[in-house]
>>> print(open('input.cif').read())   # mmCIF, C-alpha atoms
data_upload
#
loop_
_atom_site.group_PDB
_atom_site.id
_atom_site.type_symbol
_atom_site.label_atom_id
_atom_site.label_comp_id
_atom_site.auth_asym_id
_atom_site.auth_seq_id
_atom_site.Cartn_x
_atom_site.Cartn_y
_atom_site.Cartn_z
ATOM 1 C CA MET A 1 106.597 69.301 129.383
ATOM 2 C CA ALA A 2 105.821 69.287 133.119
ATOM 3 C CA GLU A 3 109.176 67.613 133.770
ATOM 4 C CA ALA A 4 110.989 70.463 132.023
ATOM 5 C CA GLY A 5 109.189 72.975 134.300
ATOM 6 C CA VAL A 6 110.168 71.053 137.419
ATOM 7 C CA ALA A 7 113.752 70.810 136.208
ATOM 8 C CA ASP A 8 113.831 74.578 135.665
ATOM 9 C CA VAL A 9 112.546 75.226 139.176
ATOM 10 C CA VAL A 10 115.061 72.801 140.672
ATOM 11 C CA ALA A 11 117.864 74.491 138.722
ATOM 12 C CA LEU A 12 116.773 77.974 139.817
ATOM 13 C CA HIS A 13 116.584 76.798 143.417
ATOM 14 C CA ALA A 14 120.061 75.259 143.252
ATOM 15 C CA VAL A 15 121.568 78.387 141.678
ATOM 16 C CA ALA A 16 119.923 80.630 144.283
ATOM 17 C CA ARG A 17 121.224 78.448 147.124
ATOM 18 C CA LEU A 18 124.700 78.562 145.591
ATOM 19 C CA GLU A 19 124.470 82.358 145.257
ATOM 20 C CA THR A 20 123.496 82.537 148.935
ATOM 21 C CA GLU A 21 126.612 80.626 149.935
ATOM 22 C CA ILE A 22 128.892 82.619 147.624
ATOM 23 C CA GLY A 23 127.348 85.853 148.931
ATOM 24 C CA ARG A 24 128.040 84.724 152.504
ATOM 25 C CA ARG A 25 131.663 84.000 151.658
ATOM 26 C CA LEU A 26 132.086 87.318 149.847
ATOM 27 C CA LEU A 27 130.763 89.164 152.892
ATOM 28 C CA ALA A 28 133.158 87.223 155.128
ATOM 29 C CA ALA A 29 136.031 88.188 152.807
ATOM 30 C CA GLY A 30 135.086 91.880 153.018
ATOM 31 C CA GLU A 31 133.554 92.118 149.548
ATOM 32 C CA ARG A 32 130.335 93.730 150.789
ATOM 33 C CA ARG A 33 128.939 95.128 147.528
ATOM 34 C CA ALA A 34 129.367 91.888 145.556
ATOM 35 C CA GLY A 35 128.101 89.777 148.450
ATOM 36 C CA VAL A 36 125.016 91.923 148.988
ATOM 37 C CA ASP A 37 124.202 91.933 145.268
ATOM 38 C CA LEU A 38 124.341 88.130 145.121
ATOM 39 C CA LEU A 39 122.316 87.746 148.305
ATOM 40 C CA ARG A 40 119.612 90.123 147.084
ATOM 41 C CA GLY A 41 119.256 88.218 143.827
ATOM 42 C CA ALA A 42 119.192 84.888 145.626
ATOM 43 C CA ARG A 43 116.626 86.139 148.137
ATOM 44 C CA ASP A 44 114.344 87.414 145.369
ATOM 45 C CA THR A 45 114.589 84.134 143.433
ATOM 46 C CA LEU A 46 113.984 82.043 146.548
ATOM 47 C CA ALA A 47 110.989 84.192 147.495
ATOM 48 C CA ARG A 48 109.481 83.717 144.003
ATOM 49 C CA LEU A 49 109.989 79.967 144.351
ATOM 50 C CA GLY A 50 108.394 79.904 147.796
ATOM 51 C CA ALA A 51 111.540 78.497 149.438
ATOM 52 C CA ALA A 52 110.879 80.177 152.783
ATOM 53 C CA PRO A 53 113.749 78.643 154.824
ATOM 54 C CA TRP A 54 116.367 79.539 152.213
ATOM 55 C CA CYS A 55 114.836 82.974 151.672
ATOM 56 C CA ALA A 56 114.993 83.561 155.436
ATOM 57 C CA ARG A 57 118.673 82.540 155.419
ATOM 58 C CA ALA A 58 119.450 85.074 152.689
ATOM 59 C CA GLU A 59 117.520 87.740 154.654
ATOM 60 C CA GLU A 60 119.523 86.906 157.794
ATOM 61 C CA LEU A 61 122.785 87.312 155.897
ATOM 62 C CA LEU A 62 121.631 90.626 154.421
ATOM 63 C CA HIS A 63 120.632 91.813 157.884
ATOM 64 C CA ALA A 64 124.005 90.736 159.277
ATOM 65 C CA ALA A 65 125.619 92.806 156.509
ATOM 66 C CA GLY A 66 123.814 95.852 157.873
ATOM 67 C CA LEU A 67 120.843 95.994 155.548
ATOM 68 C CA THR A 68 117.344 96.326 156.890
ATOM 69 C CA PRO A 69 114.773 93.769 155.804
ATOM 70 C CA ALA A 70 112.777 94.641 152.714
ATOM 71 C CA PRO A 71 109.723 96.692 153.568
ATOM 72 C CA THR A 72 106.728 94.446 154.132
ATOM 73 C CA SER A 73 104.203 97.132 154.946
ATOM 74 C CA SER A 74 101.630 98.343 152.501
ATOM 75 C CA ASP A 75 103.337 101.746 152.522
ATOM 76 C CA PRO A 76 104.405 102.348 148.921
ATOM 77 C CA GLY A 77 106.817 105.077 150.070
ATOM 78 C CA ALA A 78 108.803 102.736 152.343
ATOM 79 C CA LEU A 79 112.447 102.534 151.248
ATOM 80 C CA GLY A 80 113.765 100.012 153.761
ATOM 81 C CA LEU A 81 116.122 102.494 155.435
ATOM 82 C CA THR A 82 117.099 102.728 159.086
ATOM 83 C CA PRO A 83 115.893 105.775 161.044
ATOM 84 C CA HIS A 84 119.391 107.323 160.912
ATOM 85 C CA GLU A 85 119.584 106.800 157.147
ATOM 86 C CA GLU A 86 116.136 108.349 156.703
ATOM 87 C CA ALA A 87 117.210 111.413 158.701
ATOM 88 C CA VAL A 88 120.355 111.815 156.593
ATOM 89 C CA VAL A 89 118.437 111.318 153.336
ATOM 90 C CA ALA A 90 115.824 113.908 154.313
ATOM 91 C CA LEU A 91 118.508 116.556 154.791
ATOM 92 C CA VAL A 92 120.592 115.543 151.775
ATOM 93 C CA ALA A 93 117.469 115.694 149.598
ATOM 94 C CA ARG A 94 117.066 119.322 150.679
ATOM 95 C CA GLY A 95 120.529 120.036 149.288
ATOM 96 C CA LEU A 96 122.608 120.152 152.457
ATOM 97 C CA THR A 97 126.275 119.168 152.409
ATOM 98 C CA ASN A 98 127.673 116.390 154.602
ATOM 99 C CA ARG A 99 129.025 119.006 157.006
ATOM 100 C CA GLU A 100 125.642 120.745 157.245
ATOM 101 C CA VAL A 101 123.813 117.428 157.719
ATOM 102 C CA GLY A 102 126.294 116.454 160.426
ATOM 103 C CA ARG A 103 125.820 119.775 162.185
ATOM 104 C CA ASP A 104 122.016 119.390 162.150
ATOM 105 C CA LEU A 105 122.085 115.756 163.348
ATOM 106 C CA TYR A 106 125.029 116.128 165.748
ATOM 107 C CA ILE A 107 127.155 113.577 163.902
ATOM 108 C CA THR A 108 130.429 113.861 162.011
ATOM 109 C CA PRO A 109 130.558 114.426 158.238
ATOM 110 C CA ARG A 110 132.260 111.040 157.997
ATOM 111 C CA THR A 111 129.268 109.381 159.678
ATOM 112 C CA VAL A 112 126.991 111.171 157.199
ATOM 113 C CA ALA A 113 129.100 109.742 154.342
ATOM 114 C CA TYR A 114 128.828 106.271 155.889
ATOM 115 C CA HIS A 115 125.028 106.469 156.061
ATOM 116 C CA LEU A 116 124.873 107.815 152.504
ATOM 117 C CA SER A 117 126.992 104.963 151.172
ATOM 118 C CA ASN A 118 124.583 102.487 152.792
ATOM 119 C CA VAL A 119 121.603 104.337 151.317
ATOM 120 C CA TYR A 120 123.190 104.350 147.854
ATOM 121 C CA ALA A 121 123.744 100.585 148.058
ATOM 122 C CA LYS A 122 120.218 99.885 149.298
ATOM 123 C CA LEU A 123 118.506 102.072 146.710
ATOM 124 C CA GLY A 124 120.847 101.368 143.813
ATOM 125 C CA VAL A 125 121.796 105.004 143.247
ATOM 126 C CA THR A 126 125.257 106.480 142.789
ATOM 127 C CA SER A 127 124.847 110.216 143.405
ATOM 128 C CA ARG A 128 122.918 112.814 145.351
ATOM 129 C CA ARG A 129 121.166 113.831 142.154
ATOM 130 C CA GLU A 130 119.943 110.263 141.549
ATOM 131 C CA LEU A 131 118.870 110.042 145.191
ATOM 132 C CA ARG A 132 116.869 113.261 144.927
ATOM 133 C CA THR A 133 115.274 112.128 141.654
ATOM 134 C CA ARG A 134 114.324 108.805 143.220
ATOM 135 C CA LEU A 135 112.798 110.508 146.248
ATOM 136 C CA GLU A 136 110.897 113.012 144.127
ATOM 137 C CA ALA A 137 109.439 110.188 142.056
ATOM 138 C CA ARG A 138 108.278 108.428 145.242
ATOM 139 C CA LEU A 139 106.901 111.551 146.894
ATOM 140 C CA GLU A 140 105.037 113.020 143.938
ATOM 141 C CA GLY A 141 101.446 112.327 144.615
ATOM 142 C CA PRO A 142 98.216 113.409 143.017
ATOM 143 C CA ALA A 143 98.921 116.975 144.156
ATOM 144 C CA GLY A 144 102.406 116.885 142.581
ATOM 145 C CA ALA A 145 104.205 117.524 145.865
ATOM 146 C CA SER A 146 107.978 117.183 145.826
ATOM 147 C CA VAL A 147 110.998 117.414 148.096
ATOM 148 C CA PRO A 148 111.500 121.041 149.206
ATOM 149 C CA SER A 149 114.755 122.676 148.167
ATOM 150 C CA SER A 150 117.278 124.299 150.434
ATOM 151 C CA PRO A 151 118.658 127.738 149.551
ATOM 152 C CA HIS A 152 122.063 126.055 149.044
ATOM 153 C CA ALA A 153 120.772 123.112 147.005
ATOM 154 C CA ARG A 154 123.208 121.823 144.424
ATOM 155 C CA ARG A 155 121.792 120.924 141.063
#
>>> encode(input="input.cif", output="structure tokens")
Amino acid sequence: MAEAGVADVVALHAVARLETEIGRRLLAAGERRAGVDLLRGARDTLARLGAAPWCARAEELLHAAGLTPAPTSSDPGALGLTPHEEAVVALVARGLTNREVGRDLYITPRTVAYHLSNVYAKLGVTSRRELRTRLEARLEGPAGASVPSSPHARR
């Protein structure tokens, strides 16, 4: 029975290492979404197995792809976003359009869209509505506080 458990761990480790390599190659070929998805899964598996060097390699590849390392703080509200992404998300959550966000942050609407696409990939959401719902769920505390709405919020 113990041999079967060891064999399972060895198989999981081998698959995760293979996923790391395939993810690296997908990123190199320009297939960012597929590469990142594989690397995230591999990193999570390797972390569960305690394979620190391989987990670090997957983290390095994710970082090279533009993703920030997973939050390691004890802050339950941490989303693992860059400061620019957090600024964009804060304004988008209030209901501002890309043009309005860009005006407030002194960046172009296209740059806002770029940051939003990164946020969507990191958080696994596909729309502003999902993003707002996700943020509200994280921010609701014992007092029931939520993200404030803008007068032009889209629902």
>>> residues_around(input="input.cif", residues="stretch 19-21 of chain A", least_positions_apart="6", cutoff="7 Å", atoms="all atoms listed in the file", output="list in words")
Leu38, Leu39, Ala42 and Ala58 of chain A
>>> axis_aligned_box(input="input.cif", around="stretch 46-58 of chain A", padding_each_side="3 Å", output="JSON")
{"center_x": 113.9, "center_y": 81.8, "center_z": 149.7, "size_x": 17.1, "size_y": 12.6, "size_z": 17.4}
>>> atom_distance(input="input.cif", atom1="atom CA of A:Val9", atom2="atom CA of A:Ala47")
12.3 Å
>>> residues_around(input="input.cif", residues="stretch 110-121 of chain A", least_positions_apart="2", cutoff="9 Å", atoms="all atoms listed in the file", output="number ranges by chain")
A: 33, 36, 66-67, 81, 84-86, 88-89, 92, 98-99, 101-102, 107-108, 123-128, 131
>>> residues_around(input="input.cif", residues="A:Ala16", least_positions_apart="5", cutoff="8 Å", atoms="all atoms listed in the file", output="compact mmCIF listing (two decimals) with C-alpha atoms, in the frame of the given file")
# COMPACT_ATOMS: atom_id res chain seq x y z
CA GLY A 41 119.26 88.22 143.83
CA ALA A 42 119.19 84.89 145.63
CA ARG A 43 116.63 86.14 148.14
CA THR A 45 114.59 84.13 143.43
CA LEU A 46 113.98 82.04 146.55
>>> atom_distance(input="input.cif", atom1="atom CA of A:Asp37", atom2="atom CA of A:Arg25")
12.6 Å
>>> closest_residue(input="input.cif", among="A:Gly80, A:His13, A:Leu27, A:Leu91", to="A:Pro53", atoms="all atoms listed in the file")
A:His13
>>> atom_distance(input="input.cif", atom1="atom CA of A:Gly23", atom2="atom CA of A:Glu59")
11.5 Å
>>> closest_residue(input="input.cif", among="A:Ala137, A:Leu26, A:Leu49, A:Leu12", to="A:Ala65", atoms="all atoms listed in the file")
A:Leu26
>>> build_atoms(input="input.cif", residues="stretch 123-134 of chain A", atoms="all heavy atoms", output="short mmCIF file (atom, residue, chain, number, x, y, z; two decimals), in the frame of the given file")
data_model
loop_
_atom_site.label_atom_id
_atom_site.label_comp_id
_atom_site.auth_asym_id
_atom_site.auth_seq_id
_atom_site.Cartn_x
_atom_site.Cartn_y
_atom_site.Cartn_z
N LEU A 123 119.43 101.55 147.71
CA LEU A 123 118.51 102.07 146.71
C LEU A 123 119.03 101.95 145.28
O LEU A 123 118.31 102.24 144.34
CB LEU A 123 118.19 103.54 147.01
CG LEU A 123 117.57 103.82 148.38
CD1 LEU A 123 117.26 105.30 148.53
CD2 LEU A 123 116.32 102.98 148.59
N GLY A 124 120.28 101.53 145.15
CA GLY A 124 120.85 101.37 143.81
C GLY A 124 121.10 102.68 143.10
O GLY A 124 120.98 102.76 141.88
N VAL A 125 121.46 103.71 143.85
CA VAL A 125 121.80 105.00 143.25
C VAL A 125 123.28 105.27 143.47
O VAL A 125 123.91 104.65 144.32
CB VAL A 125 120.94 106.16 143.83
CG1 VAL A 125 119.47 105.96 143.53
CG2 VAL A 125 121.16 106.33 145.31
N THR A 126 123.83 106.21 142.69
CA THR A 126 125.26 106.48 142.79
C THR A 126 125.60 107.94 143.06
O THR A 126 126.76 108.29 143.13
CB THR A 126 125.98 106.05 141.49
OG1 THR A 126 125.41 106.76 140.40
CG2 THR A 126 125.86 104.55 141.27
N SER A 127 124.57 108.80 143.17
CA SER A 127 124.85 110.22 143.40
C SER A 127 123.69 110.87 144.15
O SER A 127 122.59 110.32 144.22
CB SER A 127 125.05 110.94 142.07
OG SER A 127 123.83 111.00 141.36
N ARG A 128 123.96 112.04 144.67
CA ARG A 128 122.92 112.81 145.35
C ARG A 128 121.80 113.17 144.38
O ARG A 128 120.63 113.17 144.75
CB ARG A 128 123.51 114.09 145.94
CG ARG A 128 124.39 113.84 147.14
CD ARG A 128 125.14 115.11 147.53
NE ARG A 128 126.02 114.84 148.65
CZ ARG A 128 125.77 115.20 149.90
NH1 ARG A 128 124.68 115.86 150.19
NH2 ARG A 128 126.61 114.89 150.86
N ARG A 129 122.17 113.48 143.17
CA ARG A 129 121.17 113.83 142.15
C ARG A 129 120.22 112.66 141.90
O ARG A 129 119.01 112.83 141.85
CB ARG A 129 121.85 114.25 140.85
CG ARG A 129 120.85 114.66 139.79
CD ARG A 129 121.53 115.26 138.61
NE ARG A 129 122.11 116.53 139.07
CZ ARG A 129 122.77 117.37 138.31
NH1 ARG A 129 122.97 117.08 137.06
NH2 ARG A 129 123.24 118.49 138.80
N GLU A 130 120.78 111.45 141.74
CA GLU A 130 119.94 110.26 141.55
C GLU A 130 119.06 110.02 142.77
O GLU A 130 117.90 109.64 142.62
CB GLU A 130 120.81 109.01 141.32
CG GLU A 130 121.28 108.81 139.92
CD GLU A 130 122.01 107.48 139.80
OE1 GLU A 130 121.35 106.43 139.88
OE2 GLU A 130 123.25 107.51 139.65
N LEU A 131 119.63 110.23 143.97
CA LEU A 131 118.87 110.04 145.19
C LEU A 131 117.68 111.00 145.23
O LEU A 131 116.55 110.60 145.51
CB LEU A 131 119.77 110.25 146.41
CG LEU A 131 119.12 110.13 147.78
CD1 LEU A 131 118.55 108.74 147.99
CD2 LEU A 131 120.14 110.46 148.86
N ARG A 132 117.94 112.25 144.92
CA ARG A 132 116.87 113.26 144.93
C ARG A 132 115.80 112.92 143.89
O ARG A 132 114.61 112.98 144.18
CB ARG A 132 117.44 114.64 144.67
CG ARG A 132 116.41 115.74 144.74
CD ARG A 132 117.05 117.11 144.60
NE ARG A 132 116.06 118.12 144.41
CZ ARG A 132 115.41 118.75 145.38
NH1 ARG A 132 115.67 118.44 146.62
NH2 ARG A 132 114.53 119.68 145.10
N THR A 133 116.22 112.51 142.70
CA THR A 133 115.27 112.13 141.65
C THR A 133 114.41 110.96 142.11
O THR A 133 113.20 110.94 141.91
CB THR A 133 116.03 111.77 140.36
OG1 THR A 133 116.79 112.91 139.95
CG2 THR A 133 115.08 111.38 139.25
N ARG A 134 115.05 109.98 142.73
CA ARG A 134 114.32 108.80 143.22
C ARG A 134 113.31 109.19 144.29
O ARG A 134 112.17 108.72 144.28
CB ARG A 134 115.33 107.80 143.77
CG ARG A 134 114.75 106.59 144.41
CD ARG A 134 114.78 105.42 143.45
NE ARG A 134 114.19 104.26 144.06
CZ ARG A 134 114.87 103.19 144.45
NH1 ARG A 134 116.16 103.13 144.24
NH2 ARG A 134 114.26 102.19 145.00
#
